[in-house]
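Peer 1: Input file: protein_11.csv. Contents: CSV, C-alpha atoms (C1' of nucleotides).
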chain,number,residue,atom,x,y,z
A,1061,MET,CA,32.2,-11.2,2.1
A,1062,THR,CA,30.3,-14.4,2.4
A,1063,ASP,CA,29.5,-13.5,5.9
A,1064,LEU,CA,28.1,-10.2,4.7
A,1065,LEU,CA,26.0,-11.9,2.1
A,1066,ALA,CA,24.7,-14.3,4.8
A,1067,GLN,CA,23.8,-11.4,7.0
A,1068,ARG,CA,22.0,-9.6,4.2
A,1069,ASP,CA,18.7,-11.4,4.7
A,1070,ALA,CA,18.6,-10.3,8.3
A,1071,TRP,CA,19.4,-6.7,8.0
A,1072,LEU,CA,17.5,-6.1,4.8
A,1073,THR,CA,14.3,-6.8,6.6
A,1074,SER,CA,15.1,-5.7,10.2
A,1075,ASN,CA,17.4,-2.7,9.9
A,1076,CYS,CA,16.8,-1.1,6.6
A,1077,SER,CA,16.1,2.6,6.4
A,1078,ILE,CA,14.2,2.3,3.2
A,1079,ALA,CA,11.9,-0.4,4.7
A,1080,ARG,CA,11.3,1.9,7.7
A,1081,ALA,CA,10.5,4.9,5.5
A,1082,VAL,CA,8.2,2.7,3.4
A,1083,GLU,CA,6.6,1.5,6.6
A,1084,ALA,CA,5.8,5.1,7.5
A,1085,VAL,CA,4.6,6.4,4.1
A,1086,GLY,CA,4.4,3.4,1.9
A,1087,ASN,CA,0.8,3.5,0.9
A,1088,ARG,CA,-1.1,5.4,-1.7
A,1089,SER,CA,-3.1,7.7,0.5
A,1090,THR,CA,-0.3,8.6,2.9
A,1091,LEU,CA,2.0,9.9,0.2
A,1092,LEU,CA,-0.9,11.8,-1.4
A,1093,LEU,CA,-1.9,13.4,1.9
A,1094,LEU,CA,1.7,14.6,2.3
A,1095,ARG,CA,1.6,15.9,-1.2
A,1096,GLU,CA,-1.5,17.9,-0.3
A,1097,ALA,CA,0.0,19.2,2.9
A,1098,SER,CA,3.1,20.3,0.9
A,1099,PHE,CA,0.7,22.1,-1.5
A,1100,GLY,CA,-0.9,24.0,1.3
A,1101,THR,CA,-4.0,22.0,2.1
A,1102,ARG,CA,-4.9,22.2,5.7
A,1103,ARG,CA,-8.5,21.2,6.3
A,1104,PHE,CA,-9.9,17.8,6.8
A,1105,ASP,CA,-12.4,17.6,4.0
A,1106,ASP,CA,-10.1,19.2,1.5
A,1107,PHE,CA,-7.6,16.5,2.2
A,1108,ALA,CA,-10.2,13.8,1.8
A,1109,ARG,CA,-11.7,15.2,-1.4
A,1110,ARG,CA,-8.4,16.1,-3.1
A,1111,VAL,CA,-6.8,12.8,-2.4
A,1112,GLY,CA,-9.9,11.0,-3.4
A,1113,ILE,CA,-10.4,8.9,-0.3
A,1114,SER,CA,-13.4,8.5,2.0
A,1115,GLU,CA,-13.7,10.3,5.3
A,1116,PRO,CA,-13.0,7.4,7.5
A,1117,VAL,CA,-9.8,6.6,5.7
A,1118,ALA,CA,-8.7,10.3,5.7
A,1119,ALA,CA,-9.4,10.5,9.5
A,1120,ALA,CA,-7.4,7.3,10.1
A,1121,ARG,CA,-4.4,8.3,8.0
A,1122,LEU,CA,-4.2,11.8,9.3
A,1123,LYS,CA,-4.3,10.5,12.8
A,1124,GLU,CA,-1.4,8.2,11.9
A,1125,LEU,CA,0.5,11.0,10.4
A,1126,VAL,CA,0.1,13.1,13.5
A,1127,ALA,CA,1.1,10.2,15.7
A,1128,ASP,CA,4.2,9.6,13.6
A,1129,GLY,CA,5.1,13.2,13.9
A,1130,LEU,CA,4.8,14.0,10.2
A,1131,LEU,CA,1.9,16.4,10.6
A,1132,GLU,CA,1.0,18.6,13.5
A,1133,ARG,CA,-2.6,19.4,14.3
A,1134,ARG,CA,-3.4,22.7,15.8
A,1135,PRO,CA,-6.3,25.0,16.2
A,1136,TYR,CA,-6.7,28.0,14.0
A,1137,ARG,CA,-9.5,30.4,13.3
A,1138,GLN,CA,-10.5,32.3,10.2
A,1139,PRO,CA,-12.1,35.7,11.0
A,1140,GLY,CA,-15.8,35.3,11.6
A,1141,GLN,CA,-15.5,31.5,11.8
A,1142,ARG,CA,-15.2,29.2,14.7
A,1143,THR,CA,-12.0,27.6,15.8
A,1144,ARG,CA,-11.0,24.6,13.8
A,1145,ASP,CA,-8.0,22.3,13.5
A,1146,GLU,CA,-5.5,22.4,10.7
A,1147,TYR,CA,-2.8,20.0,9.7
A,1148,LEU,CA,0.6,21.3,9.1
A,1149,LEU,CA,3.8,19.6,8.0
A,1150,THR,CA,6.3,19.2,10.8
A,1151,ARG,CA,10.1,19.3,10.0
A,1152,LYS,CA,10.0,15.5,9.9
A,1153,GLY,CA,7.3,15.7,7.3
A,1154,GLN,CA,9.0,18.5,5.4
A,1155,GLU,CA,12.0,16.4,5.0
A,1156,LEU,CA,10.0,14.0,2.9
A,1157,LEU,CA,9.9,16.6,0.2
A,1158,PRO,CA,12.8,15.1,-1.6
A,1159,VAL,CA,10.8,11.9,-1.8
A,1160,LEU,CA,7.8,13.6,-3.2
A,1161,THR,CA,9.9,15.6,-5.6
A,1162,ALA,CA,11.7,12.5,-6.9
A,1163,LEU,CA,8.4,10.8,-7.4
A,1164,ARG,CA,7.0,13.8,-9.3
A,1165,GLN,CA,10.0,14.0,-11.4
A,1166,TRP,CA,9.8,10.3,-12.3
A,1167,GLY,CA,6.1,10.6,-13.0
A,1168,ASP,CA,6.7,13.7,-15.2
A,1169,ALA,CA,9.3,11.7,-17.2
A,1170,TRP,CA,7.6,8.3,-17.5
A,1171,ALA,CA,3.9,8.7,-16.8
A,1172,ALA,CA,2.8,12.2,-17.8
A,1173,ASP,CA,-0.1,12.9,-20.1
A,1174,GLU,CA,0.3,14.8,-23.4
A,1175,ALA,CA,-0.7,18.1,-21.9
A,1176,GLY,CA,2.3,18.1,-19.7
A,1177,PRO,CA,2.5,18.2,-15.9
A,1178,SER,CA,-0.1,20.3,-14.2
A,1179,VAL,CA,2.2,21.4,-11.4
A,1180,ARG,CA,5.4,23.3,-11.6
A,1181,VAL,CA,7.6,23.5,-8.6
A,1182,ALA,CA,9.9,26.5,-8.4
A,1183,HIS,CA,12.6,27.8,-6.2
A,1184,HIS,CA,11.0,30.7,-4.3
A,1185,ASP,CA,14.1,32.9,-4.6
A,1186,CYS,CA,14.7,32.6,-8.3
A,1187,GLY,CA,11.7,31.0,-9.9
A,1188,ALA,CA,13.7,28.2,-11.5
A,1189,ALA,CA,12.3,24.6,-11.5
A,1190,VAL,CA,13.3,22.3,-8.7
A,1191,HIS,CA,14.5,18.8,-9.1
A,1192,ALA,CA,15.7,16.0,-7.0
A,1193,ARG,CA,19.3,15.1,-7.8
A,1194,LEU,CA,21.8,12.6,-6.5
A,1195,ARG,CA,25.0,14.1,-5.3
A,1196,CYS,CA,27.9,12.8,-3.4
A,1197,GLU,CA,29.5,14.5,-0.5
A,1198,ALA,CA,32.5,15.4,-2.6
A,1199,GLY,CA,30.1,17.5,-4.6
A,1200,HIS,CA,29.8,15.4,-7.8
A,1201,ASP,CA,26.6,14.8,-9.5
A,1202,VAL,CA,26.0,11.1,-9.4
A,1203,PRO,CA,24.2,9.3,-12.3
A,1204,PRO,CA,22.3,6.2,-11.4
A,1205,GLY,CA,24.9,3.9,-12.8
A,1206,GLU,CA,27.8,5.2,-10.6
A,1207,ILE,CA,26.4,4.1,-7.2
A,1208,ASP,CA,28.0,1.4,-5.0
A,1209,VAL,CA,26.2,-0.3,-2.2
A,1210,LEU,CA,28.4,-1.1,0.7
A,1211,PRO,CA,27.9,-2.4,4.2
A,1212,GLY,CA,27.3,0.4,6.7
A,1213,PRO,CA,28.1,0.9,10.4
A,1214,GLY,CA,25.0,-0.9,11.6
A,1215,LEU,CA,26.1,-4.0,9.8
A,1216,LEU,CA,29.9,-4.0,10.4
A,1217,ARG,CA,29.4,-3.6,14.1
A,1218,ALA,CA,27.1,-6.7,14.3
B,1377,MET,CA,-6.7,32.2,-9.0
B,1378,THR,CA,-10.2,31.1,-7.8
B,1379,ASP,CA,-10.5,29.2,-11.1
B,1380,LEU,CA,-7.3,27.5,-10.4
B,1381,LEU,CA,-8.4,26.5,-7.0
B,1382,ALA,CA,-11.6,25.2,-8.4
B,1383,GLN,CA,-9.7,23.1,-10.9
B,1384,ARG,CA,-7.4,21.7,-8.3
B,1385,ASP,CA,-9.7,18.9,-7.2
B,1386,ALA,CA,-9.8,17.7,-10.8
B,1387,TRP,CA,-6.2,17.6,-11.7
B,1388,LEU,CA,-4.9,16.5,-8.4
B,1389,THR,CA,-6.5,13.2,-8.8
B,1390,SER,CA,-6.5,12.8,-12.6
B,1391,ASN,CA,-3.3,14.4,-13.8
B,1392,CYS,CA,-0.8,14.3,-11.1
B,1393,SER,CA,2.6,12.9,-11.7
B,1394,ILE,CA,3.0,12.0,-8.0
B,1395,ALA,CA,-0.2,10.1,-8.1
B,1396,ARG,CA,0.9,8.2,-11.2
B,1397,ALA,CA,4.2,7.4,-9.7
B,1398,VAL,CA,2.6,6.2,-6.5
B,1399,GLU,CA,0.2,4.1,-8.6
B,1400,ALA,CA,3.2,2.3,-10.1
B,1401,VAL,CA,5.4,1.9,-7.0
B,1402,GLY,CA,3.2,2.9,-4.1
B,1403,ASN,CA,3.1,-0.3,-2.1
B,1404,ARG,CA,5.5,-1.8,0.4
B,1405,SER,CA,6.7,-4.7,-1.6
B,1406,THR,CA,7.2,-3.0,-4.9
B,1407,LEU,CA,9.5,-0.4,-3.5
B,1408,LEU,CA,11.4,-3.1,-1.6
B,1409,LEU,CA,11.7,-5.2,-4.7
B,1410,LEU,CA,13.2,-2.2,-6.5
B,1411,ARG,CA,15.6,-1.7,-3.6
B,1412,GLU,CA,16.7,-5.3,-4.0
B,1413,ALA,CA,17.1,-4.9,-7.7
B,1414,SER,CA,19.3,-1.8,-7.1
B,1415,PHE,CA,21.4,-3.8,-4.6
B,1416,GLY,CA,22.0,-6.4,-7.3
B,1417,THR,CA,19.5,-9.1,-6.4
B,1418,ARG,CA,18.5,-10.9,-9.6
B,1419,ARG,CA,16.9,-14.2,-8.7
B,1420,PHE,CA,13.3,-14.9,-7.9
B,1421,ASP,CA,13.7,-16.6,-4.5
B,1422,ASP,CA,16.3,-14.1,-3.4
B,1423,PHE,CA,13.8,-11.3,-4.1
B,1424,ALA,CA,11.1,-13.1,-2.1
B,1425,ARG,CA,13.2,-13.9,0.9
B,1426,ARG,CA,15.0,-10.7,1.2
B,1427,VAL,CA,11.9,-8.6,0.8
B,1428,GLY,CA,10.1,-10.9,3.2
B,1429,ILE,CA,7.1,-11.7,1.0
B,1430,SER,CA,5.6,-15.0,0.0
B,1431,GLU,CA,6.3,-16.5,-3.4
B,1432,PRO,CA,2.9,-15.8,-4.9
B,1433,VAL,CA,3.2,-12.2,-4.0
B,1434,ALA,CA,6.7,-12.0,-5.3
B,1435,ALA,CA,5.6,-13.6,-8.6
B,1436,ALA,CA,2.7,-11.2,-9.0
B,1437,ARG,CA,4.7,-8.0,-8.1
B,1438,LEU,CA,7.7,-9.0,-10.3
B,1439,LYS,CA,5.3,-9.6,-13.2
B,1440,GLU,CA,3.7,-6.2,-12.7
B,1441,LEU,CA,7.2,-4.6,-12.6
B,1442,VAL,CA,8.1,-6.3,-15.8
B,1443,ALA,CA,4.8,-5.3,-17.4
B,1444,ASP,CA,5.3,-1.7,-16.3
B,1445,GLY,CA,8.8,-1.7,-17.8
B,1446,LEU,CA,10.7,-1.2,-14.5
B,1447,LEU,CA,12.3,-4.6,-14.6
B,1448,GLU,CA,13.5,-6.6,-17.5
B,1449,ARG,CA,13.4,-10.4,-17.4
B,1450,ARG,CA,16.0,-12.2,-19.3
B,1451,PRO,CA,17.7,-15.6,-19.4
B,1452,TYR,CA,21.1,-16.0,-18.0
B,1453,ARG,CA,23.2,-19.0,-17.1
B,1454,GLN,CA,25.8,-19.6,-14.5
B,1455,PRO,CA,28.5,-22.0,-15.5
B,1456,GLY,CA,27.5,-25.6,-14.8
B,1457,GLN,CA,23.9,-24.6,-14.1
B,1458,ARG,CA,20.9,-24.5,-16.4
B,1459,THR,CA,19.5,-21.4,-17.9
B,1460,ARG,CA,17.3,-19.3,-15.6
B,1461,ASP,CA,15.7,-15.9,-15.8
B,1462,GLU,CA,17.0,-12.9,-14.0
B,1463,TYR,CA,15.4,-9.6,-13.3
B,1464,LEU,CA,17.3,-6.4,-14.1
B,1465,LEU,CA,16.5,-2.8,-13.7
B,1466,THR,CA,15.6,-1.0,-16.9
B,1467,ARG,CA,16.4,2.6,-17.4
B,1468,LYS,CA,12.9,3.5,-16.3
B,1469,GLY,CA,13.5,1.5,-13.1
B,1470,GLN,CA,16.9,3.0,-12.6
B,1471,GLU,CA,15.5,6.4,-12.6
B,1472,LEU,CA,13.6,5.6,-9.5
B,1473,LEU,CA,16.9,5.6,-7.6
B,1474,PRO,CA,16.4,9.2,-6.5
B,1475,VAL,CA,13.2,8.1,-4.8
B,1476,LEU,CA,14.9,5.1,-3.1
B,1477,THR,CA,17.8,7.3,-2.1
B,1478,ALA,CA,15.5,10.0,-0.7
B,1479,LEU,CA,13.6,7.4,1.3
B,1480,ARG,CA,16.8,5.9,2.7
B,1481,GLN,CA,18.0,9.3,3.6
B,1482,TRP,CA,14.8,10.1,5.5
B,1483,GLY,CA,14.9,6.7,7.2
B,1484,ASP,CA,18.5,7.2,8.3
B,1485,ALA,CA,17.6,10.6,9.7
B,1486,TRP,CA,14.3,9.8,11.4
B,1487,ALA,CA,13.9,6.1,11.8
B,1488,ALA,CA,17.4,4.5,12.2
B,1489,ASP,CA,18.3,2.2,15.0
B,1490,GLU,CA,21.1,3.0,17.4
B,1491,ALA,CA,23.7,1.0,15.5
B,1492,GLY,CA,23.4,3.3,12.5
B,1493,PRO,CA,22.4,2.4,9.0
B,1494,SER,CA,23.4,-1.0,7.7
B,1495,VAL,CA,23.9,0.2,4.2
B,1496,ARG,CA,26.2,2.9,2.9
B,1497,VAL,CA,25.8,4.2,-0.6
B,1498,ALA,CA,28.9,5.6,-2.2
B,1499,HIS,CA,29.8,7.3,-5.4
B,1500,HIS,CA,31.7,4.8,-7.4
B,1501,ASP,CA,34.3,7.2,-8.7
B,1502,CYS,CA,35.3,8.8,-5.4
B,1503,GLY,CA,33.8,6.8,-2.6
B,1504,ALA,CA,31.9,9.6,-1.0
B,1505,ALA,CA,28.4,9.1,0.4
B,1506,VAL,CA,25.5,9.8,-2.0
B,1507,HIS,CA,22.5,11.9,-1.0
B,1508,ALA,CA,19.3,13.1,-2.7
B,1509,ARG,CA,19.2,16.8,-2.8
B,1510,LEU,CA,16.8,19.4,-4.1
B,1511,ARG,CA,18.3,21.8,-6.6
B,1512,CYS,CA,16.8,24.4,-8.9
B,1513,GLU,CA,17.8,24.8,-12.5
B,1514,ALA,CA,19.7,27.9,-11.7
B,1515,GLY,CA,22.0,25.7,-9.6
B,1516,HIS,CA,20.9,26.7,-6.1
B,1517,ASP,CA,20.4,24.1,-3.4
B,1518,VAL,CA,16.8,24.4,-2.3
B,1519,PRO,CA,15.8,23.8,1.3
B,1520,PRO,CA,12.3,22.5,1.8
B,1521,GLY,CA,10.9,25.8,2.9
B,1522,GLU,CA,11.9,27.7,-0.3
B,1523,ILE,CA,9.6,25.8,-2.7
B,1524,ASP,CA,6.7,27.3,-4.5
B,1525,VAL,CA,4.0,25.2,-6.1
B,1526,LEU,CA,2.6,26.8,-9.3
B,1527,PRO,CA,0.2,25.7,-12.0
B,1528,GLY,CA,2.0,23.9,-14.8
B,1529,PRO,CA,1.4,23.6,-18.5
B,1530,GLY,CA,-1.1,20.8,-18.2
B,1531,LEU,CA,-3.3,23.0,-16.1
B,1532,LEU,CA,-2.9,26.3,-17.8
B,1533,ARG,CA,-3.8,24.9,-21.2
B,1534,ALA,CA,-7.1,23.3,-19.9
C,852,DT,C1',-31.9,28.8,21.4
C,853,DA,C1',-32.5,26.5,17.0
C,854,DG,C1',-30.0,25.6,13.0
C,855,DC,C1',-26.1,24.9,10.3
C,856,DT,C1',-21.5,23.5,9.1
C,857,DG,C1',-17.1,21.3,9.5
C,858,DA,C1',-14.9,17.6,11.4
C,859,DC,C1',-15.1,13.7,12.4
C,860,DT,C1',-16.9,8.4,14.1
C,861,DT,C1',-19.7,4.2,13.6
C,862,DT,C1',-21.7,0.6,11.1
C,863,DT,C1',-22.0,-2.5,7.5
C,864,DG,C1',-20.6,-4.9,3.7
C,865,DT,C1',-17.4,-5.6,-0.1
C,866,DT,C1',-13.0,-5.9,-2.2
C,867,DT,C1',-8.2,-6.5,-2.0
C,868,DT,C1',-4.1,-8.3,-0.2
C,869,DC,C1',-1.5,-11.6,1.8
C,870,DC,C1',0.2,-16.0,3.7
C,871,DT,C1',0.5,-21.1,4.0
C,872,DA,C1',0.6,-25.3,1.8
C,873,DA,C1',0.7,-27.9,-1.9
C,874,DG,C1',1.3,-28.8,-6.7
C,875,DT,C1',3.7,-28.2,-11.4
C,876,DC,C1',7.3,-28.1,-14.6
C,877,DA,C1',11.8,-27.9,-16.8
C,878,DG,C1',16.3,-29.3,-17.1
C,879,DC,C1',21.0,-30.5,-15.4
C,880,DC,C1',23.3,-34.4,-12.6
C,881,DG,C1',24.4,-38.8,-11.5
D,684,DC,C1',16.1,-41.9,-16.8
D,685,DG,C1',15.0,-40.6,-12.0
D,686,DG,C1',15.9,-37.3,-8.6
D,687,DC,C1',16.7,-32.7,-7.3
D,688,DT,C1',16.4,-27.7,-7.5
D,689,DG,C1',14.9,-23.3,-8.9
D,690,DA,C1',11.0,-21.0,-10.3
D,691,DC,C1',7.1,-20.5,-10.2
D,692,DT,C1',1.2,-21.5,-10.0
D,693,DT,C1',-3.0,-22.9,-7.7
D,694,DA,C1',-6.2,-23.3,-3.9
D,695,DG,C1',-8.0,-22.0,0.3
D,696,DG,C1',-8.7,-19.0,4.0
D,697,DA,C1',-7.7,-15.1,7.1
D,698,DA,C1',-6.7,-10.3,7.7
D,699,DA,C1',-6.7,-5.7,6.3
D,700,DA,C1',-8.3,-1.8,3.6
D,701,DC,C1',-11.9,0.7,1.7
D,702,DA,C1',-16.3,3.0,0.4
D,703,DA,C1',-21.1,4.5,1.4
D,704,DA,C1',-24.3,6.0,4.5
D,705,DA,C1',-25.7,7.6,8.6
D,706,DG,C1',-24.8,9.4,13.2
D,707,DT,C1',-22.4,12.6,16.6
D,708,DC,C1',-20.8,16.8,18.4
D,709,DA,C1',-19.1,21.5,19.0
D,710,DG,C1',-19.6,26.1,18.4
D,711,DC,C1',-20.7,30.2,15.7
D,712,DT,C1',-25.0,32.6,13.5
D,713,DA,C1',-29.4,34.2,13.2
Could you write out this structure as structure tokens?
Peer 2:
Amino acid sequence: MTDLLAQRDAWLTSNCSIARAVEAVGNRSTLLLLREASFGTRRFDDFARRVGISEPVAAARLKELVADGLLERRPYRQPGQRTRDEYLLTRKGQELLPVLTALRQWGDAWAADEAGPSVRVAHHDCGAAVHARLRCEAGHDVPPGEIDVLPGPGLLRA
Amino acid sequence: MTDLLAQRDAWLTSNCSIARAVEAVGNRSTLLLLREASFGTRRFDDFARRVGISEPVAAARLKELVADGLLERRPYRQPGQRTRDEYLLTRKGQELLPVLTALRQWGDAWAADEAGPSVRVAHHDCGAAVHARLRCEAGHDVPPGEIDVLPGPGLLRA
DNA sequence: TAGCTGACTTTTGTTTTCCTAAGTCAGCCG
DNA sequence: CGGCTGACTTAGGAAAACAAAAGTCAGCTA
């Protein structure tokens, strides 16, 4: 166990999935751009305006997101308009929805204003509100206090 | 519905729970400090070293986290040592665990190295792996594609 | 074919963030 | 009581991020 503790410093920085995820989405504008994409925003200037960032920053971030495979850029055309590009969530990007949902849930609980949240997220099939929940593979709901952190395969093999 | 679209620009920046949550934890070091706290790190220099940030930054971020009520700082003493301060997750901080779990899950799926993840998170009671899942209040598991975004109370009341 | 619009890029200058290195301070230990 | 260690703070400087304003460019539209 002392060995494991000694190794912690190494893997915590070099082989941590949280760190890698944070690397990809861990800044204000990236997460908010993904929020917008999940809300259905597709066009460049809508992204920039709704997220509240300048155009150069929006261009850079969107480019990063496309390069990282979180957004896909593809041409589309509205009738009577010329061809443009739109940004759509890829599967890789969609799978960040639990992150966004968990953030929204925390914000609703701890940082909402008095009027209540301005967005409601519902299950398409039944209309009920959607939450992020922790659950173990045995099917139990897991409250925050009942979690153990153990060494995983990437560490044991080293 | 046009009204709602027109209002979007306003509430998306000013009254969005995701934006507020991102405001609180939306930078690399804050999320990684919370990861450490959830792994049981308590002491100042362990935080700094394991997160890979310098001491001034660690001091500033930890101070912010305490001010925001995510960490609590309190004295403790190991036998034979003098009194020190330790940083512990508050309830408000603990409730970010779904966010960290969702990030880890995404990182495991999309950004893991070949050796596999170095951390395994298990349910204390049964040992099974813990995941973040989207679920609606009717009890259905909700895949990313089945989510509707609707105006919430904070918007309808405006 | 001239204009307009959406989608950017470039330029410039400011602000923020971060690291390194050094300094401070309190209290147990010998 | 003097050193050592853990937990910071201060000072200085470099790097990154950002906004504002202006410029570019492609392709409908008139």
Peer 1: Based on only C-alpha atoms (C1' of nucleotides), which of the residues in chain C come within 10 Å of chain B? I want them as a ChimeraX atom specification.
Peer 2: /C:868-871,877-880
Peer 1: Would you mind exporting the chosen residues as an mmCIF file, in the frame of the given file, restricted to C-alpha atoms (C1' of nucleotides)?
Peer 2:
data_model
loop_
_atom_site.group_PDB
_atom_site.id
_atom_site.type_symbol
_atom_site.label_atom_id
_atom_site.label_comp_id
_atom_site.auth_asym_id
_atom_site.auth_seq_id
_atom_site.Cartn_x
_atom_site.Cartn_y
_atom_site.Cartn_z
ATOM 1 C "C1'" DT C 868 -4.100 -8.300 -0.200
ATOM 2 C "C1'" DC C 869 -1.500 -11.600 1.800
ATOM 3 C "C1'" DC C 870 0.200 -16.000 3.700
ATOM 4 C "C1'" DT C 871 0.500 -21.100 4.000
ATOM 5 C "C1'" DA C 877 11.800 -27.900 -16.800
ATOM 6 C "C1'" DG C 878 16.300 -29.300 -17.100
ATOM 7 C "C1'" DC C 879 21.000 -30.500 -15.400
ATOM 8 C "C1'" DC C 880 23.300 -34.400 -12.600
#
Peer 1: Quick one: of A:Gly1212, A:Gly1100, A:Pro1203, A:Gly1153, who's nearest to chain B, counting all atoms listed in the file?
Peer 2: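 The shortest atom-to-atom distance to chain B comes from A:Gly1212.
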Peer 1: As a list in words, please: the residues near DT693 in chain D (cut-off 10 Å, all atoms listed in the file, same-chain neighbours under 2 positions excluded).
Peer 2: Pro1432 of chain B; DA873, DG874 and DT875 of chain C; DG695 of chain D
Peer 1: Suppose you want the space between CA of Leu1092 in chain A and CA of Val1506 in chain B; what is it in Å?
Peer 2: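 Atom-to-atom, CA of Leu1092 in chain A to CA of Val1506 in chain B, that is 26.5 Å.
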Peer 1: Would you kindly return, as a PyMOL selection string, each protein, DNA or RNA residue with an atom no farther than 10 Å from any atom of Gln1165 in chain A, considering only C-alpha atoms (C1' of nucleotides) and excluding same-chain residues fewer than 2 positions away?
Peer 2: (chain A and resi 1159-1163+1167-1172+1177+1190-1192) or (chain B and resi 1393-1394+1397+1471-1472+1474-1475)
Peer 1: Any idea what the distance is between CA of Arg1404 in chain B and CA of Gly1086 in chain A?
Peer 2: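 About the pair CA of Arg1404 in chain B and CA of Gly1086 in chain A: they are 5.5 Å apart.
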Peer 1: Quick one: distance from CA of Ala1198 in chain A to CA of Ala1504 in chain B in Å, one decimal?
Peer 2: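 Distance reported for this atom pair: 6.0 Å.
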Peer 1: Taking into account all atoms listed in the file, which residue in the set D:DC711, D:DC687, D:DA704, D:DA694 is nearest to chain A?
Peer 2: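 Nearest to chain A: D:DC711.
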Peer 1: In file coordinates, which residues lie within 9 Å of (-23.0, 7.1, 10.5) using all atoms listed in the file, given as a ChimeraX atom specification?
Peer 2: /C:860-862 /D:704-707
Peer 1: Between A:Arg1193, A:Val1181, A:Thr1090, A:Arg1134, which one has atoms that come closest to Ala1119 in chain A, using only C-alpha atoms?
Peer 2: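 Distance minimum relative to Ala1119 in chain A lands on A:Thr1090.
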Peer 1: Show me, as a tab-separated table, the residues of chain D having an atom within 12 Å of chain B, each with the closest atom pair and its distance in Å, using all atoms listed in the file.
Peer 2:
residue	atom	partner	partner_atom	distance
D:DT688	C1'	B:Gln1457	CA	10.5
D:DG689	C1'	B:Asp1421	CA	8.1
D:DA690	C1'	B:Phe1420	CA	6.9
D:DC691	C1'	B:Ala1435	CA	7.2
D:DT692	C1'	B:Pro1432	CA	7.8
D:DT693	C1'	B:Pro1432	CA	9.6
D:DA694	C1'	B:Pro1432	CA	11.8
Peer 1: For Glu1522 in chain B, which of A:Ala1189, A:Val1085, A:Tyr1147, A:Ala1182 is the closest residue, counting all atoms listed in the file?
Peer 2: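 Smallest distance to Glu1522 in chain B is found for A:Ala1182.
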